[in-house]
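Novice: This is the structure I have questions about; it appears just below.
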Amino acid sequence: MLLAVLMAGCSGGSSDSASQPGSTAALAFQMNAGGQLNAFYREGSVAAHLLMRSSARPRLLVVFPAGNSGTGLWFDDTARPVNWSLDTPIAPSVGHDLLGRTLQGITANVSVDTTTLSIRQALLSSVRFLRDFNGGNSVPPEIVTPPFVQNNTIRWQRPRADGAPGYALTVTVTGGTVSTNASGALVLQAANGSTALHLQIQALTGETPLTPITHASLFNNAVNPDTQSQNVVEFLSYQDKLLAGSWQYDTYFGRDTLISVRMLMSVLQPTAIEAGLTSVLSRLSADGMVAHEEGIGEFAVIDNRKNGRSSDATPSYDYKMIDGDYMLAPIMAAWLIDDPRGAARAAAYLAQTDSNGQTNGSRFVTNLLRVANTARAFTQQSTASNLIHLRAGQIVGNWRDSTDGLGGGVYPYDVNAVLVPAALRAASRFVDSGLLDPYLSGDARAALADAAQQASVWESAAPPFFQVNVAPAQAAAQLPAYAAQAGVPTGTLPTSTLSFYAVSLDEQGNPIPIMNSDGGFALLFGTPSEDTLQRIVSAAVQPFPTGLVTDAGLLIANPAYANSSLWSRFTNAAYHGTVIWSWQQAMWVAGLDRQLARQDLSADTRTLLSSARLRVWQVISNAASMRASEMWTWSYVNGGYQPEAFGTHAADATEANAAQLWSTTYLAINDPNLSTGRFWWQPRGASAGAWRR
């Protein structure tokens with residue numbers, strides 16, 4: 001009741017917890033791990049994620065897919081770790097700003113087991129600014145909002161930086177008080193005699209709501225019965241785009257969209273698949289580059305202003321990544337050529353136009369031309385310098401997009417050894433299919449005419465640049481020292497040469513010998529030779545630190561065979577270090593299934609792949625409770641590896657998202673019993689023999 005009075009008194013608005021007319025049933029669920037309570041709510045035009053961090057550095061955030069916006073409270077450190085609770089279910093809430101414009105969001109009643117909290121910072125803005133602040137970076141001064149205090153209630157409210165409807169956050173101390181301490185910070189004090197602080201939270205945004213894809217239009221009957229993962233996909237799925245993850249990535253990311261669509265394709269309905277693909281096509285640059293991340297809402301306003309563009313919310317796009325450029329074509333082929341549902345819709349889908357009158361087909365051709373043109377130099381002269389390099393001035397360019405993710409390399413393995421030839425194969429198949437005839441000029445057709453030939457050159461010539469061989473003597477010299485530094489046992493030393501593909505090449509074309517999980521791309525997108533399959537799988541599935549397997553999961557990197565100067569940059573506290581990323585494990589299982597569906601492999605190779613599949617699935621099951629999260633780390637305790645949420649230790653580089661789109665891709669993976677004869681990627685009714693190269 002107090003909230004309604006405050007809204008009316010301060011903003012001339014009203015509060016209404018009723019859902020919007022014609023809205024679908026509410027989606028409400030929780031995911032709690034690593035001392036973090038995450039509650040998700042979506043109904044009608046309201047979608048929100050409430051996050052409460054239980055620790056000695058508590059915080060509370062509410063973020064919205066609408067405009068990638070959010071509100072956050074960071075509290076001063078407490079004498080002991082505190083624990084939050086959600087006391088009543090989240091309810092939708094509607095209010096108005098000072099100009100009478102509608103704001104929408106949620107109301108929640110929460111509590112924390114302490115009697116006092118002092119507020120260090122409150123922010124209302126784009127999630128990108130909130131995540132910057134949470135990571136220790138500065139934020140634009142114009143987003144800092146002064147509080148308005150009335151009795152036991154604090155309210156922050158302001159318009160967006162361009163004057164559009166903005167954001168509001170209201171906190172009421174139920175039965176308690178609000179005061180100011182000697183340093184000027186607002187202090188929330190529990191009621192006399194209470195052992196807990198009880199708060200009513202209302203968080204609102206004026207950003208334009210997204211149009212959800214509801215459960216009925218999302219999955220087909222082949223989807224696995226994992227309610228939590230289905231809920232995550234539903235919360236992140238909208239007609240305009242599929243969101244990468246929450247809380248930190250509540251908007252479009254090209255790579256995340258493409259990988260998720262590819263791996264979930266068999267269990268998604270066409271509406272969801274084409275929403276993802278269209279979001280990528282509509283954000284291509286004029287010369288066919290796939291956008292990595294979009295800047296929308298208040299971030300776009302401030303970014304446009306800073307860069308001399310119009311001071312409005314016209315989206316800005318980040319094109320620094322290179323891997324998405326080469327993912328689009330094979331994933332389009334998987335839908336429009338390989339999947340019977342997509343093939344039946346292909347001509348109509350490619351003919352669809354956007355608001356600028358451009359067709360999906362014409363946009364897609366610009367990407368195919370980019371693929372062919374950037375690949376041609378290596379096709380003509382297969383030297384390391386003609387491989388695909390990170391963009392000028394960038395230190396990131398593929399999914400390992402942290403400062404040290406590639407170990408200082410500039411030619412990523414996944415892009416060059418797998419994605420470029422896969423894109424060229426797909427380009428050739430599209431030309432041969434005739435689907436692109438309405439969109440191909442004579443010059444474009446000529447540029448794509450040798451795509452299959454180019455693919456063959458890349459498939460044979462690119463991988464050898466990344467090959468690493470570790471003799472038993474080298475392993476015996478390095479593994480014990482590395483294991484001691486990592487705090488794990490050495491285990492059994494290899495007695496034969498270990499062979500694997502480096503994570504990247506340096507500027508001079510030398511391999512950076514970090515063992516990695518990126519062979520999963522070859523399993524999912526390529527048709528590797530048996531020798532290549534042996535190299536990808538054999539070493540990786542050995543126990544860490546020889547290989548990548550731990551009881552906590554399949555690690556994405558192992559620096560044991562690299563120069564010792566890299567060891568400290570690839571720890572289990574590094575974002576792309578010796579940690580587990582959920583989707584990489586799923587890609588391995590899905591890719592192994594795809595290879596096992598082939599008819600041209602020897603019995604020995606099939607045995608290797610089957611054993612690897614079962615081993616990876618076993619360690620996936622050991623951390624099943626974390627499966628839908630972005631990634632996690634581990635500790636070595638009592639003779640074993642224990643999975644732990646990333647971001648709970650002071651040394652951790654950042655924190656992991658609780659809900660990540662590509663971490664739900666297990667929804668399309670069959671149980672480990674490979675005798676069923678049907679694999680995750682096949683449409684219902686397809687047989688193993690329907691696999692195509």
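Here's how to read the names in the structure tokens: chain A, B, ... by the order shown, residue numbers from 1 in each chain, ligand numbers from 1 in the order shown.
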Show which residues sit within 10 Å of Ser179 of chain A, as a ChimeraX atom specification. Count only C-alpha atoms, and ignore same-chain residues fewer than 2 positions away.

Specialist: /A:118,149,151-152,177,181,184-189

Novice: Please identify all polymer residues within 8 Å of Pro463 of chain A, counting only C-alpha atoms, omitting same-chain residues fewer than 5 positions from it, and present them as a list of chain:residue names.

Specialist: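 Within the cut-off, the hits are A:Tyr413, A:Asn416, A:Ala417, A:Trp458, A:Tyr501.
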
Novice: Write a file of the selected residues as an mmCIF file, in the first residue's frame, keeping C-alpha atoms.

Specialist:
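Once written, out_17.cif looks like this:
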```
data_model
loop_
_atom_site.group_PDB
_atom_site.id
_atom_site.type_symbol
_atom_site.label_atom_id
_atom_site.label_comp_id
_atom_site.auth_asym_id
_atom_site.auth_seq_id
_atom_site.Cartn_x
_atom_site.Cartn_y
_atom_site.Cartn_z
ATOM 1 C CA TYR A 413 42.261 -22.647 -34.201
ATOM 2 C CA ASN A 416 40.845 -21.321 -39.248
ATOM 3 C CA ALA A 417 40.854 -25.085 -38.949
ATOM 4 C CA TRP A 458 41.544 -25.141 -46.027
ATOM 5 C CA TYR A 501 45.783 -28.781 -31.830
#
```

Novice: As an mmCIF file with N, CA and C atoms, in the first residue's frame, please: the residues near Ser460 of chain A (cut-off 10 Å, only C-alpha atoms, same-chain neighbours under 5 positions excluded).

Specialist:
```cif
data_model
loop_
_atom_site.group_PDB
_atom_site.id
_atom_site.type_symbol
_atom_site.label_atom_id
_atom_site.label_comp_id
_atom_site.auth_asym_id
_atom_site.auth_seq_id
_atom_site.Cartn_x
_atom_site.Cartn_y
_atom_site.Cartn_z
ATOM 1 N N ALA A 417 40.816 -23.656 -38.648
ATOM 2 C CA ALA A 417 40.854 -25.085 -38.949
ATOM 3 C C ALA A 417 39.476 -25.676 -39.178
ATOM 4 N N PRO A 421 36.531 -23.489 -43.442
ATOM 5 C CA PRO A 421 36.151 -24.504 -44.433
ATOM 6 C C PRO A 421 34.683 -24.913 -44.339
ATOM 7 N N ALA A 455 37.353 -24.802 -49.891
ATOM 8 C CA ALA A 455 37.137 -25.580 -48.663
ATOM 9 C C ALA A 455 38.124 -26.735 -48.577
ATOM 10 N N PRO A 528 36.109 -34.650 -40.088
ATOM 11 C CA PRO A 528 37.545 -34.887 -39.923
ATOM 12 C C PRO A 528 37.950 -36.287 -40.365
ATOM 13 N N SER A 529 39.197 -36.410 -40.822
ATOM 14 C CA SER A 529 39.756 -37.720 -41.115
ATOM 15 C C SER A 529 39.907 -38.494 -39.808
#
```

Novice: Compile the contact shell of segment 31-42 of chain A as a list in words: residues with an atom at most 7 Å away, counting only C-alpha atoms, same-chain residues fewer than 4 positions apart removed.

Specialist: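 The neighbour list is Ala26, Leu27, Val46, Ala47, Ala48, His49, Leu50, Leu51, Met52, Arg53, Ser54, Ser55, Ile90, Phe235, Ala645, Thr648 and Ala658 of chain A.
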
Novice: At a cut-off of 10 Å, using only C-alpha atoms, what residues contact Asp551 of chain A? Leave out same-chain residues fewer than 3 positions from it and give the result as a ChimeraX atom specification.

Specialist: /A:543-544,554,615-616,618-623,634,636,640-643

Novice: Suppose we keep N, CA and C atoms; can you now write the selection as a PDB file, in the first residue's frame?

Specialist:
```
ATOM      1  N   PRO A 543      42.700 -37.771 -18.175  1.00  0.00           N
ATOM      2  CA  PRO A 543      42.500 -37.008 -16.937  1.00  0.00           C
ATOM      3  C   PRO A 543      43.433 -35.805 -16.867  1.00  0.00           C
ATOM      4  N   PHE A 544      42.924 -34.706 -16.360  1.00  0.00           N
ATOM      5  CA  PHE A 544      43.732 -33.516 -16.100  1.00  0.00           C
ATOM      6  C   PHE A 544      44.729 -33.841 -14.981  1.00  0.00           C
ATOM      7  N   LEU A 554      34.537 -31.173 -18.184  1.00  0.00           N
ATOM      8  CA  LEU A 554      35.569 -31.086 -19.218  1.00  0.00           C
ATOM      9  C   LEU A 554      36.110 -29.665 -19.245  1.00  0.00           C
ATOM     10  N   ARG A 615      32.470 -40.906 -21.412  1.00  0.00           N
ATOM     11  CA  ARG A 615      33.294 -40.251 -20.393  1.00  0.00           C
ATOM     12  C   ARG A 615      32.866 -38.804 -20.199  1.00  0.00           C
ATOM     13  N   VAL A 616      32.649 -38.086 -21.285  1.00  0.00           N
ATOM     14  CA  VAL A 616      32.225 -36.692 -21.162  1.00  0.00           C
ATOM     15  C   VAL A 616      30.854 -36.607 -20.510  1.00  0.00           C
ATOM     16  N   GLN A 618      29.560 -38.606 -18.417  1.00  0.00           N
ATOM     17  CA  GLN A 618      29.697 -38.924 -16.997  1.00  0.00           C
ATOM     18  C   GLN A 618      30.061 -37.681 -16.191  1.00  0.00           C
ATOM     19  N   VAL A 619      31.043 -36.912 -16.676  1.00  0.00           N
ATOM     20  CA  VAL A 619      31.455 -35.737 -15.904  1.00  0.00           C
ATOM     21  C   VAL A 619      30.431 -34.617 -16.025  1.00  0.00           C
ATOM     22  N   ILE A 620      29.677 -34.574 -17.123  1.00  0.00           N
ATOM     23  CA  ILE A 620      28.570 -33.621 -17.212  1.00  0.00           C
ATOM     24  C   ILE A 620      27.567 -33.904 -16.105  1.00  0.00           C
ATOM     25  N   SER A 621      27.266 -35.170 -15.895  1.00  0.00           N
ATOM     26  CA  SER A 621      26.283 -35.549 -14.879  1.00  0.00           C
ATOM     27  C   SER A 621      26.744 -35.201 -13.478  1.00  0.00           C
ATOM     28  N   ASN A 622      28.063 -35.148 -13.255  1.00  0.00           N
ATOM     29  CA  ASN A 622      28.575 -34.845 -11.925  1.00  0.00           C
ATOM     30  C   ASN A 622      28.270 -33.417 -11.494  1.00  0.00           C
ATOM     31  N   ALA A 623      28.044 -32.528 -12.441  1.00  0.00           N
ATOM     32  CA  ALA A 623      27.741 -31.127 -12.116  1.00  0.00           C
ATOM     33  C   ALA A 623      26.408 -30.721 -12.731  1.00  0.00           C
ATOM     34  N   TRP A 634      36.303 -25.120 -10.093  1.00  0.00           N
ATOM     35  CA  TRP A 634      36.435 -26.314  -9.264  1.00  0.00           C
ATOM     36  C   TRP A 634      37.454 -26.055  -8.164  1.00  0.00           C
ATOM     37  N   TYR A 636      40.135 -28.659  -5.661  1.00  0.00           N
ATOM     38  CA  TYR A 636      40.593 -30.030  -5.448  1.00  0.00           C
ATOM     39  C   TYR A 636      40.612 -30.277  -3.952  1.00  0.00           C
ATOM     40  N   GLY A 640      39.659 -35.202  -4.745  1.00  0.00           N
ATOM     41  CA  GLY A 640      38.765 -35.125  -5.891  1.00  0.00           C
ATOM     42  C   GLY A 640      38.482 -33.692  -6.304  1.00  0.00           C
ATOM     43  N   TYR A 641      37.962 -33.543  -7.540  1.00  0.00           N
ATOM     44  CA  TYR A 641      37.601 -32.237  -8.077  1.00  0.00           C
ATOM     45  C   TYR A 641      36.131 -31.958  -7.741  1.00  0.00           C
ATOM     46  N   GLN A 642      35.895 -30.809  -7.094  1.00  0.00           N
ATOM     47  CA  GLN A 642      34.543 -30.434  -6.705  1.00  0.00           C
ATOM     48  C   GLN A 642      34.099 -29.225  -7.527  1.00  0.00           C
ATOM     49  N   PRO A 643      32.953 -29.307  -8.231  1.00  0.00           N
ATOM     50  CA  PRO A 643      32.477 -28.143  -8.989  1.00  0.00           C
ATOM     51  C   PRO A 643      32.054 -27.014  -8.059  1.00  0.00           C
TER      52      PRO A 643
END
```

Novice: If you measure from atom CA of Ala108 of chain A to atom CA of Ser45 of chain A, what distance in Å do you get, rounded to one decimal?

Specialist: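 Interatomic distance, atom CA of Ala108 of chain A to atom CA of Ser45 of chain A: 17.4 Å.
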
Novice: DSSP on the backbone: what in segment 285-481 of chain A comes out strand (DSSP E), as a ChimeraX atom specification?

Specialist: /A:293-295,316-318,411-412,467-470

Novice: Please provide as a VMD selection string all residues within 10 Å of Tyr252 of chain A, with the sequence filter that same-chain residues fewer than 5 positions apart are discarded (counting only C-alpha atoms).

Specialist: chain A and resid 65 68 236 240 to 245 257 276 279 to 280 283 291 to 296 317

Novice: Please determine, counting only C-alpha atoms, which residue among A:Ser125, A:Gln157, A:Gln454, A:Thr205 has the shortest atom-to-atom distance to Ala377 of chain A.

Specialist: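 Ranking A:Ser125, A:Gln157, A:Gln454, A:Thr205 by distance to Ala377 of chain A, first place goes to A:Gln454.
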
Novice: Would you return as a PyMOL selection string the members of segment 295-524 of chain A that DSSP assigns to alpha helix (DSSP H) on this structure's backbone?

Specialist: chain A and resi 297-306+323-333+340-351+360-380+413+420-433+442-448+451-461+472-486+519-524

Novice: Emit the selected residues as a tab-separated table (two decimals), in the first residue's frame, including C-alpha atoms.

Specialist:
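What landed in again30.tsv:
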```tsv
chain	number	residue	atom	x	y	z
A	297	GLY	CA	18.59	1.55	-24.70
A	298	GLU	CA	20.50	4.04	-22.60
A	299	PHE	CA	23.84	2.50	-23.50
A	300	ALA	CA	23.15	3.37	-27.16
A	301	VAL	CA	22.13	6.92	-26.24
A	302	ILE	CA	25.34	7.59	-24.35
A	303	ASP	CA	27.55	5.67	-26.79
A	304	ASN	CA	26.09	7.55	-29.77
A	305	ARG	CA	26.58	10.86	-28.02
A	306	LYS	CA	30.18	10.01	-27.09
A	323	ASP	CA	34.16	-16.34	-35.65
A	324	GLY	CA	30.52	-15.38	-36.25
A	325	ASP	CA	31.33	-14.44	-39.84
A	326	TYR	CA	32.08	-18.11	-40.55
A	327	MET	CA	29.38	-19.69	-38.37
A	328	LEU	CA	26.40	-18.20	-40.16
A	329	ALA	CA	26.61	-20.15	-43.44
A	330	PRO	CA	26.86	-23.70	-42.03
A	331	ILE	CA	24.05	-23.00	-39.59
A	332	MET	CA	21.85	-21.54	-42.33
A	333	ALA	CA	22.58	-24.69	-44.34
A	340	PRO	CA	13.15	-30.92	-43.96
A	341	ARG	CA	11.13	-28.32	-42.02
A	342	GLY	CA	13.48	-25.53	-43.01
A	343	ALA	CA	13.90	-26.76	-46.57
A	344	ALA	CA	10.13	-26.53	-47.07
A	345	ARG	CA	10.24	-22.90	-45.94
A	346	ALA	CA	13.59	-21.91	-47.47
A	347	ALA	CA	12.49	-19.95	-50.53
A	348	ALA	CA	9.87	-18.00	-48.60
A	349	TYR	CA	12.25	-17.33	-45.72
A	350	LEU	CA	15.02	-16.00	-47.95
A	351	ALA	CA	12.48	-13.74	-49.71
A	360	ASN	CA	17.13	-12.26	-45.97
A	361	GLY	CA	18.60	-13.76	-49.13
A	362	SER	CA	20.40	-10.60	-50.22
A	363	ARG	CA	21.79	-10.03	-46.74
A	364	PHE	CA	23.01	-13.61	-46.55
A	365	VAL	CA	24.82	-13.29	-49.88
A	366	THR	CA	26.91	-10.40	-48.49
A	367	ASN	CA	28.12	-12.75	-45.75
A	368	LEU	CA	28.93	-15.55	-48.22
A	369	LEU	CA	30.94	-13.14	-50.34
A	370	ARG	CA	32.88	-12.06	-47.28
A	371	VAL	CA	33.64	-15.69	-46.48
A	372	ALA	CA	34.88	-16.46	-49.99
A	373	ASN	CA	36.89	-13.27	-50.38
A	374	THR	CA	38.66	-13.48	-47.01
A	375	ALA	CA	39.49	-17.15	-47.58
A	376	ARG	CA	41.01	-16.71	-51.03
A	377	ALA	CA	44.51	-15.60	-50.05
A	378	PHE	CA	45.17	-18.79	-48.07
A	379	THR	CA	43.64	-20.87	-50.86
A	380	GLN	CA	46.13	-19.39	-53.33
A	413	TYR	CA	42.26	-22.65	-34.20
A	420	VAL	CA	36.27	-21.21	-42.51
A	421	PRO	CA	36.15	-24.50	-44.43
A	422	ALA	CA	32.68	-25.24	-43.01
A	423	ALA	CA	31.45	-21.88	-44.26
A	424	LEU	CA	32.95	-22.47	-47.70
A	425	ARG	CA	31.30	-25.90	-47.92
A	426	ALA	CA	27.97	-24.33	-47.00
A	427	ALA	CA	28.42	-21.56	-49.56
A	428	SER	CA	29.00	-24.13	-52.29
A	429	ARG	CA	25.93	-26.10	-51.25
A	430	PHE	CA	23.75	-22.99	-51.37
A	431	VAL	CA	24.96	-22.10	-54.84
A	432	ASP	CA	24.34	-25.66	-56.04
A	433	SER	CA	20.86	-25.71	-54.46
A	442	GLY	CA	26.99	-12.49	-62.05
A	443	ASP	CA	29.98	-11.22	-60.07
A	444	ALA	CA	28.70	-12.80	-56.86
A	445	ARG	CA	28.16	-16.14	-58.57
A	446	ALA	CA	31.69	-16.00	-59.96
A	447	ALA	CA	33.13	-15.17	-56.53
A	448	LEU	CA	31.42	-18.21	-55.02
A	451	ALA	CA	33.95	-22.30	-52.74
A	452	ALA	CA	34.13	-26.09	-52.61
A	453	GLN	CA	37.68	-26.05	-53.99
A	454	GLN	CA	38.65	-23.44	-51.42
A	455	ALA	CA	37.14	-25.58	-48.66
A	456	SER	CA	39.28	-28.55	-49.68
A	457	VAL	CA	42.46	-26.47	-49.47
A	458	TRP	CA	41.54	-25.14	-46.03
A	459	GLU	CA	40.56	-28.57	-44.71
A	460	SER	CA	43.90	-30.08	-45.66
A	461	ALA	CA	46.29	-27.17	-45.23
A	472	PRO	CA	56.94	-38.36	-23.20
A	473	ALA	CA	60.18	-36.77	-21.96
A	474	GLN	CA	58.72	-33.26	-22.29
A	475	ALA	CA	55.53	-34.33	-20.52
A	476	ALA	CA	57.56	-35.92	-17.72
A	477	ALA	CA	59.52	-32.68	-17.30
A	478	GLN	CA	56.54	-30.29	-17.32
A	479	LEU	CA	53.55	-32.09	-15.84
A	480	PRO	CA	54.84	-32.49	-12.25
A	481	ALA	CA	55.84	-28.83	-12.05
A	482	TYR	CA	52.56	-27.68	-13.52
A	483	ALA	CA	50.51	-29.96	-11.28
A	484	ALA	CA	52.28	-28.60	-8.20
A	485	GLN	CA	51.52	-25.04	-9.29
A	486	ALA	CA	47.86	-25.94	-9.94
A	519	GLY	CA	38.11	-29.66	-31.22
A	520	GLY	CA	34.40	-29.83	-30.45
A	521	PHE	CA	33.87	-27.40	-33.34
A	522	ALA	CA	35.41	-29.92	-35.73
A	523	LEU	CA	33.16	-32.64	-34.33
A	524	LEU	CA	30.06	-30.49	-34.79
```

Novice: Given only C-alpha atoms as the basis, pick out the residue of A:Gly44, A:Gly176, A:Gly254, A:Pro147 nearest to Thr211 of chain A.

Specialist: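 For Thr211 of chain A, the nearest of the candidates is A:Gly44.
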